[in-house]
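Q: Pasting a structure here, questions to come.
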Amino acid sequence: MTGRPYIVGNWKMNGTRAMLSEARAIDRAAARHPGVDVGIVPPFTLISAMVEAAQDMAVGGQDCHAKPSGAFTGDVSAPLLADTGAVFTIVGHSERRALHGESNAEVQAKANAALEAGLGVILCVGETEAERDSGQAEAVVGAQLDGSLPTGEDAAARLSVAYEPVWAIGTGRVPSVDDVGAMHRAIRAKLSAVYGEAGAAVRVLYGGSVNAGNAAELLAADEVGGALVGGASLTAESFATIISAAAALAEA
Ligand code: 13P
């Protein structure tokens with residue numbers, strides 16, 4: 001575990017008001033582990049209600065538009081997110097890149113817009129299975145970082161990077177701890193090359209089929225500063241176990 005752990009739950013397109021009780025239970029788990037930064041990313045529709053329910057966890061958005069306002073039906077800008085009480089946003093999730101055709105340049109514009117609006121940013125990167133099988137994983141992730149890392153002054157200060165291999169998302173398959181460590185070291189080297197000393201403070205999260213059973217092992221890999229959790233963040237029972245695993249490693 002590198003630094004103060006950051007454990008973030010991405011609820012994706014799940015979560016109605018009925019699930020606010022689950023969010024409150026996750027918030028209580030966050031309160032029990034003050035050494036861990038906990039974030040929850042509900043769908044846009046639930047952000048305001050979750051901000052009201054949350055005392056010990058940060059609430060974020062899943063994406064934002066690169067423009068602050070305008071005629072963009074269905075989109076949500078970074079200032080609108082900030083207005084709901086969200087304090088950070090994910091950008092460049094592989095589901096956005098694949099299903100909405102988002103390029104590195106668009107993702108970078110979104111990251112810059114989020115920072116401009118005062119939000120923290122979690123920038124997602126990750127290779128497909130074919131790219132890993134052909135030995136291209138580090139090159140692909142390196143190119144994603146080159147193309148989509150935010151560029152503003154002080155960008156590194158409110159940035160986290162999430163390494164999410166596409167083939168590990170929602171599949172129950174995870175890379176070996178050695179492969180996670182190798183990729184996270186490569187990401188750290190890139191962050192230092194781009195941001196200099198400030199790059200050392202950027203937290204690098206692992207995401208992709210993290211669950212209550214494998215969290216401790218994955219969080220212990222080299223240069224892993226936390227986790228971005230999908231399915232296992234939807235219930236307080238499993239997500240709280242991941243939060244305590246991070247707390248135990250941070251205290252060790
Ligand atoms: P799963 O944890 O469900 O594999 O999702 C990972 C993810 O995409 C988080 O952003």
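Identifiers for the structure tokens are assigned positionally: chains receive A, B, ... in sequence, residues are indexed from 1 per chain, and ligands are indexed from 1 in the order shown.
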Could you list, as a PyMOL selection string, all residues that come within 7 Å of ligand 1? Count only C-alpha atoms and all ligand atoms.

A: chain A and resi 10+93+164+168-172+207-210+228-232

Q: Suppose we keep C-alpha atoms; can you now write the selection as a JSON list (two decimals), in the first residue's frame?

A:
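Result file is selection.json:
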```json
[["chain", "number", "residue", "atom", "x", "y", "z"],
["A", 10, "ASN", "CA", -18.27, 3.35, -8.84],
["A", 93, "HIS", "CA", -13.60, 5.16, -17.81],
["A", 164, "GLU", "CA", -8.42, -0.74, -14.88],
["A", 168, "ALA", "CA", -10.79, -7.51, -15.61],
["A", 169, "ILE", "CA", -13.85, -5.26, -15.34],
["A", 170, "GLY", "CA", -16.95, -7.14, -14.25],
["A", 171, "THR", "CA", -15.39, -10.49, -15.20],
["A", 172, "GLY", "CA", -14.11, -11.84, -11.90],
["A", 207, "GLY", "CA", -9.73, -1.36, -10.53],
["A", 208, "GLY", "CA", -11.26, -4.48, -12.09],
["A", 209, "SER", "CA", -13.06, -7.22, -10.17],
["A", 210, "VAL", "CA", -11.82, -6.04, -6.77],
["A", 228, "LEU", "CA", -11.75, 1.71, -7.82],
["A", 229, "VAL", "CA", -14.49, -0.83, -7.17],
["A", 230, "GLY", "CA", -17.57, -1.53, -9.29],
["A", 231, "GLY", "CA", -19.87, -4.41, -8.40],
["A", 232, "ALA", "CA", -18.51, -4.98, -4.90]]
```

Q: Among range 3-60 of chain A, which ones does DSSP assign to strand (DSSP E) (computed from the backbone)? Answer as a list of chain:residue names.

A: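 Put together, the selection reads A:Tyr6, A:Ile7, A:Val8, A:Gly9, A:Asn10, A:Asp37, A:Val38, A:Gly39, A:Ile40, A:Val41, A:Ala58, A:Val59, A:Gly60.
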
Q: Find the residues near Val140 in chain A: any atom within 8 Å, counting only C-alpha atoms, skip ones fewer than 2 places away on the same chain, and give them as a PDB file with N, CA, C and O atoms, in the first residue's frame.

A:
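See around-v1.pdb below for the written result:
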```
ATOM      1  N   GLY A 126      -6.373   1.703 -19.142  1.00  0.00           N
ATOM      2  CA  GLY A 126      -6.296   0.231 -19.066  1.00  0.00           C
ATOM      3  C   GLY A 126      -6.337  -0.389 -20.440  1.00  0.00           C
ATOM      4  O   GLY A 126      -6.945   0.163 -21.368  1.00  0.00           O
ATOM      5  N   GLU A 127      -5.681  -1.537 -20.561  1.00  0.00           N
ATOM      6  CA  GLU A 127      -5.574  -2.212 -21.856  1.00  0.00           C
ATOM      7  C   GLU A 127      -6.665  -3.270 -22.031  1.00  0.00           C
ATOM      8  O   GLU A 127      -7.218  -3.752 -21.048  1.00  0.00           O
ATOM      9  N   GLU A 131      -4.658  -6.559 -26.292  1.00  0.00           N
ATOM     10  CA  GLU A 131      -3.456  -5.734 -26.136  1.00  0.00           C
ATOM     11  C   GLU A 131      -2.497  -6.349 -25.117  1.00  0.00           C
ATOM     12  O   GLU A 131      -1.286  -6.351 -25.303  1.00  0.00           O
ATOM     13  N   GLN A 136       1.378  -5.568 -25.399  1.00  0.00           N
ATOM     14  CA  GLN A 136       1.292  -4.119 -25.605  1.00  0.00           C
ATOM     15  C   GLN A 136       0.766  -3.351 -24.397  1.00  0.00           C
ATOM     16  O   GLN A 136       0.572  -2.133 -24.460  1.00  0.00           O
ATOM     17  N   ALA A 137       0.487  -4.060 -23.292  1.00  0.00           N
ATOM     18  CA  ALA A 137      -0.249  -3.421 -22.194  1.00  0.00           C
ATOM     19  C   ALA A 137       0.407  -2.110 -21.725  1.00  0.00           C
ATOM     20  O   ALA A 137      -0.257  -1.073 -21.638  1.00  0.00           O
ATOM     21  N   GLU A 138       1.712  -2.169 -21.436  1.00  0.00           N
ATOM     22  CA  GLU A 138       2.347  -0.958 -20.900  1.00  0.00           C
ATOM     23  C   GLU A 138       2.412   0.161 -21.941  1.00  0.00           C
ATOM     24  O   GLU A 138       2.249   1.337 -21.599  1.00  0.00           O
ATOM     25  N   GLY A 142       0.634   3.672 -21.412  1.00  0.00           N
ATOM     26  CA  GLY A 142       1.520   4.842 -21.518  1.00  0.00           C
ATOM     27  C   GLY A 142       0.981   5.863 -22.507  1.00  0.00           C
ATOM     28  O   GLY A 142       0.977   7.072 -22.247  1.00  0.00           O
ATOM     29  N   ALA A 143       0.467   5.368 -23.637  1.00  0.00           N
ATOM     30  CA  ALA A 143      -0.081   6.280 -24.653  1.00  0.00           C
ATOM     31  C   ALA A 143      -1.360   6.946 -24.143  1.00  0.00           C
ATOM     32  O   ALA A 143      -1.610   8.134 -24.405  1.00  0.00           O
ATOM     33  N   GLN A 144      -2.180   6.184 -23.405  1.00  0.00           N
ATOM     34  CA  GLN A 144      -3.392   6.784 -22.830  1.00  0.00           C
ATOM     35  C   GLN A 144      -3.014   7.913 -21.866  1.00  0.00           C
ATOM     36  O   GLN A 144      -3.641   8.967 -21.860  1.00  0.00           O
TER      37      GLN A 144
END
```

Q: A:Ala29, A:Val125, A:Leu234, A:Leu145: which is nearest Lys190 in chain A, counting only C-alpha atoms?

A: A:Leu145

Q: Taking only C-alpha atoms into account, name the residue in A:Ala221, A:Ile90, A:Ala49, A:Met13 that is nearest to Leu123 in chain A.

A: A:Ile90

Q: Near Ala156 in chain A, within 7 Å and counting only C-alpha atoms, which residues show up once chain neighbours fewer than 3 positions away are dropped, as an MDAnalysis selection string?

A: chainID A and resid 159 195 198:199 202

Q: How about saving the chosen residues, all heavy atoms kept, as a PDB file, in the first residue's frame?

A:
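The resulting file, selection-v2.pdb, is shown below:
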```pdb
ATOM      1  N   LEU A 159      -5.235  14.972  -8.639  1.00  0.00           N
ATOM      2  CA  LEU A 159      -5.383  13.887  -9.605  1.00  0.00           C
ATOM      3  C   LEU A 159      -5.117  12.521  -8.980  1.00  0.00           C
ATOM      4  O   LEU A 159      -4.204  12.373  -8.174  1.00  0.00           O
ATOM      5  CB  LEU A 159      -4.372  14.108 -10.752  1.00  0.00           C
ATOM      6  CG  LEU A 159      -4.242  13.002 -11.796  1.00  0.00           C
ATOM      7  CD1 LEU A 159      -5.518  12.924 -12.642  1.00  0.00           C
ATOM      8  CD2 LEU A 159      -3.025  13.266 -12.693  1.00  0.00           C
ATOM      9  N   TYR A 195       5.010  15.154 -14.483  1.00  0.00           N
ATOM     10  CA  TYR A 195       4.753  16.181 -13.459  1.00  0.00           C
ATOM     11  C   TYR A 195       5.960  16.455 -12.562  1.00  0.00           C
ATOM     12  O   TYR A 195       5.846  17.258 -11.627  1.00  0.00           O
ATOM     13  CB  TYR A 195       3.580  15.765 -12.568  1.00  0.00           C
ATOM     14  CG  TYR A 195       2.268  15.621 -13.300  1.00  0.00           C
ATOM     15  CD1 TYR A 195       1.586  14.402 -13.324  1.00  0.00           C
ATOM     16  CD2 TYR A 195       1.688  16.714 -13.944  1.00  0.00           C
ATOM     17  CE1 TYR A 195       0.372  14.271 -13.979  1.00  0.00           C
ATOM     18  CE2 TYR A 195       0.476  16.589 -14.610  1.00  0.00           C
ATOM     19  CZ  TYR A 195      -0.178  15.357 -14.620  1.00  0.00           C
ATOM     20  OH  TYR A 195      -1.379  15.234 -15.262  1.00  0.00           O
ATOM     21  N   ALA A 198       5.868  16.393  -8.288  1.00  0.00           N
ATOM     22  CA  ALA A 198       4.442  16.334  -7.948  1.00  0.00           C
ATOM     23  C   ALA A 198       3.830  14.992  -8.363  1.00  0.00           C
ATOM     24  O   ALA A 198       2.840  14.540  -7.781  1.00  0.00           O
ATOM     25  CB  ALA A 198       3.692  17.483  -8.608  1.00  0.00           C
ATOM     26  N   GLY A 199       4.439  14.339  -9.343  1.00  0.00           N
ATOM     27  CA  GLY A 199       3.922  13.063  -9.816  1.00  0.00           C
ATOM     28  C   GLY A 199       4.003  11.968  -8.776  1.00  0.00           C
ATOM     29  O   GLY A 199       3.249  10.989  -8.810  1.00  0.00           O
ATOM     30  N   VAL A 202       0.619  11.565  -6.752  1.00  0.00           N
ATOM     31  CA  VAL A 202      -0.622  11.150  -7.409  1.00  0.00           C
ATOM     32  C   VAL A 202      -0.936   9.718  -6.988  1.00  0.00           C
ATOM     33  O   VAL A 202      -0.081   8.836  -7.084  1.00  0.00           O
ATOM     34  CB  VAL A 202      -0.479  11.229  -8.948  1.00  0.00           C
ATOM     35  CG1 VAL A 202      -1.720  10.682  -9.638  1.00  0.00           C
ATOM     36  CG2 VAL A 202      -0.194  12.662  -9.374  1.00  0.00           C
TER      37      VAL A 202
END
```

Q: Give the answer as one residue: which of A:Leu99, A:Gly35, A:Ala245, A:Leu149 has the shortest atom-to-atom distance to Ala215 in chain A, using only C-alpha atoms?

A: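 The shortest atom-to-atom distance to Ala215 in chain A comes from A:Ala245.
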
Q: Using DSSP on the backbone coordinates, identify all residues within range 70-234 of chain A classified as alpha helix (DSSP H); present the result as number ranges by chain.

A: A: 78-84, 94-99, 104-116, 129-133, 137-148, 177-195, 215-219

Q: Could those selected residues go to a file with C-alpha atoms, as a PDB file, in the first residue's frame?

A:
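Listing of selection-v1.pdb after writing:
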```
ATOM      1  CA  ALA A  78     -18.061  19.946 -14.228  1.00  0.00           C
ATOM      2  CA  PRO A  79     -19.526  23.166 -12.720  1.00  0.00           C
ATOM      3  CA  LEU A  80     -22.962  21.466 -12.608  1.00  0.00           C
ATOM      4  CA  LEU A  81     -21.405  18.506 -10.803  1.00  0.00           C
ATOM      5  CA  ALA A  82     -19.713  20.832  -8.322  1.00  0.00           C
ATOM      6  CA  ASP A  83     -23.068  22.570  -7.779  1.00  0.00           C
ATOM      7  CA  THR A  84     -24.640  19.255  -6.665  1.00  0.00           C
ATOM      8  CA  SER A  94     -13.191   2.353 -20.341  1.00  0.00           C
ATOM      9  CA  GLU A  95     -16.978   2.097 -20.649  1.00  0.00           C
ATOM     10  CA  ARG A  96     -17.019   5.752 -21.807  1.00  0.00           C
ATOM     11  CA  ARG A  97     -14.032   5.215 -24.083  1.00  0.00           C
ATOM     12  CA  ALA A  98     -15.539   2.065 -25.650  1.00  0.00           C
ATOM     13  CA  LEU A  99     -19.290   2.788 -25.666  1.00  0.00           C
ATOM     14  CA  ASN A 104      -7.637  10.604 -25.239  1.00  0.00           C
ATOM     15  CA  ALA A 105      -7.937  14.256 -26.288  1.00  0.00           C
ATOM     16  CA  GLU A 106     -11.593  14.402 -25.160  1.00  0.00           C
ATOM     17  CA  VAL A 107     -10.748  12.710 -21.889  1.00  0.00           C
ATOM     18  CA  GLN A 108      -7.938  15.218 -21.324  1.00  0.00           C
ATOM     19  CA  ALA A 109     -10.315  18.125 -22.020  1.00  0.00           C
ATOM     20  CA  LYS A 110     -12.762  16.676 -19.488  1.00  0.00           C
ATOM     21  CA  ALA A 111     -10.038  16.246 -16.873  1.00  0.00           C
ATOM     22  CA  ASN A 112      -8.904  19.846 -17.387  1.00  0.00           C
ATOM     23  CA  ALA A 113     -12.518  21.064 -17.159  1.00  0.00           C
ATOM     24  CA  ALA A 114     -13.053  19.176 -13.912  1.00  0.00           C
ATOM     25  CA  LEU A 115      -9.915  20.645 -12.333  1.00  0.00           C
ATOM     26  CA  GLU A 116     -10.928  24.109 -13.561  1.00  0.00           C
ATOM     27  CA  GLU A 129      -7.205  -8.466 -23.379  1.00  0.00           C
ATOM     28  CA  ALA A 130      -5.853  -8.561 -26.951  1.00  0.00           C
ATOM     29  CA  GLU A 131      -3.456  -5.734 -26.136  1.00  0.00           C
ATOM     30  CA  ARG A 132      -2.173  -7.577 -23.055  1.00  0.00           C
ATOM     31  CA  ASP A 133      -1.861 -10.864 -24.935  1.00  0.00           C
ATOM     32  CA  ALA A 137      -0.249  -3.421 -22.194  1.00  0.00           C
ATOM     33  CA  GLU A 138       2.347  -0.958 -20.900  1.00  0.00           C
ATOM     34  CA  ALA A 139       2.652   0.811 -24.253  1.00  0.00           C
ATOM     35  CA  VAL A 140      -1.139   1.214 -24.510  1.00  0.00           C
ATOM     36  CA  VAL A 141      -1.491   2.554 -20.982  1.00  0.00           C
ATOM     37  CA  GLY A 142       1.520   4.842 -21.518  1.00  0.00           C
ATOM     38  CA  ALA A 143      -0.081   6.280 -24.653  1.00  0.00           C
ATOM     39  CA  GLN A 144      -3.392   6.784 -22.830  1.00  0.00           C
ATOM     40  CA  LEU A 145      -1.565   8.705 -20.102  1.00  0.00           C
ATOM     41  CA  ASP A 146       0.407  10.784 -22.621  1.00  0.00           C
ATOM     42  CA  GLY A 147      -2.832  11.703 -24.371  1.00  0.00           C
ATOM     43  CA  SER A 148      -5.194  12.215 -21.474  1.00  0.00           C
ATOM     44  CA  VAL A 177      -0.143  -9.147  -8.121  1.00  0.00           C
ATOM     45  CA  ASP A 178       3.176  -9.005 -10.017  1.00  0.00           C
ATOM     46  CA  ASP A 179       1.463  -7.710 -13.160  1.00  0.00           C
ATOM     47  CA  VAL A 180      -0.440  -5.109 -11.140  1.00  0.00           C
ATOM     48  CA  GLY A 181       2.795  -3.984  -9.480  1.00  0.00           C
ATOM     49  CA  ALA A 182       4.660  -3.813 -12.811  1.00  0.00           C
ATOM     50  CA  MET A 183       1.943  -1.682 -14.414  1.00  0.00           C
ATOM     51  CA  HIS A 184       1.663   0.598 -11.394  1.00  0.00           C
ATOM     52  CA  ARG A 185       5.444   1.142 -11.402  1.00  0.00           C
ATOM     53  CA  ALA A 186       5.257   2.045 -15.092  1.00  0.00           C
ATOM     54  CA  ILE A 187       2.391   4.485 -14.378  1.00  0.00           C
ATOM     55  CA  ARG A 188       4.394   6.050 -11.530  1.00  0.00           C
ATOM     56  CA  ALA A 189       7.398   6.505 -13.817  1.00  0.00           C
ATOM     57  CA  LYS A 190       5.192   8.230 -16.385  1.00  0.00           C
ATOM     58  CA  LEU A 191       3.627  10.489 -13.746  1.00  0.00           C
ATOM     59  CA  SER A 192       7.089  11.519 -12.542  1.00  0.00           C
ATOM     60  CA  ALA A 193       8.225  12.183 -16.111  1.00  0.00           C
ATOM     61  CA  VAL A 194       5.172  14.373 -16.783  1.00  0.00           C
ATOM     62  CA  TYR A 195       4.753  16.181 -13.459  1.00  0.00           C
ATOM     63  CA  ALA A 215      -8.732  -6.669  -1.990  1.00  0.00           C
ATOM     64  CA  ALA A 216      -5.982  -7.178   0.600  1.00  0.00           C
ATOM     65  CA  GLU A 217      -3.729  -8.937  -1.913  1.00  0.00           C
ATOM     66  CA  LEU A 218      -4.280  -6.412  -4.723  1.00  0.00           C
ATOM     67  CA  LEU A 219      -3.889  -3.409  -2.422  1.00  0.00           C
TER      68      LEU A 219
END
```

Q: Which range 23-60 of chain A residues have any atom within 12 Å of an atom of range 71-77 of chain A, and for each, what is the nearest pair of atoms with distance in Å to one decimal, counting only C-alpha atoms, rows sorted by chain and number, as a Markdown table?

A:
```
| residue | atom | partner | partner_atom | distance |
| --- | --- | --- | --- | --- |
| A:Pro43 | CA | A:Val76 | CA | 11.3 |
| A:Phe44 | CA | A:Val76 | CA | 8.3 |
| A:Thr45 | CA | A:Val76 | CA | 10.9 |
```

Q: Keeping only C-alpha atoms, write those residues as a compact mmCIF listing (two decimals), in the first residue's frame.

A:
```
# COMPACT_ATOMS: atom_id res chain seq x y z
CA PRO A 43 -25.33 8.02 -11.00
CA PHE A 44 -25.87 11.78 -11.51
CA THR A 45 -29.48 11.42 -10.34
```

Q: Please indicate the distance in Å from CA of Gly120 in chain A to CA of Val87 in chain A, rounded to one decimal place.

A: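 Straight-line distance from CA of Gly120 in chain A to CA of Val87 in chain A works out to 6.2 Å.
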
Q: Measuring atom to atom with only C-alpha atoms, identify which of A:Gly196, A:Pro68, A:Pro150, A:Gly226 is nearest to Ala162 in chain A.

A: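 Of A:Gly196, A:Pro68, A:Pro150, A:Gly226, the one nearest Ala162 in chain A is A:Gly226, counting only C-alpha atoms.
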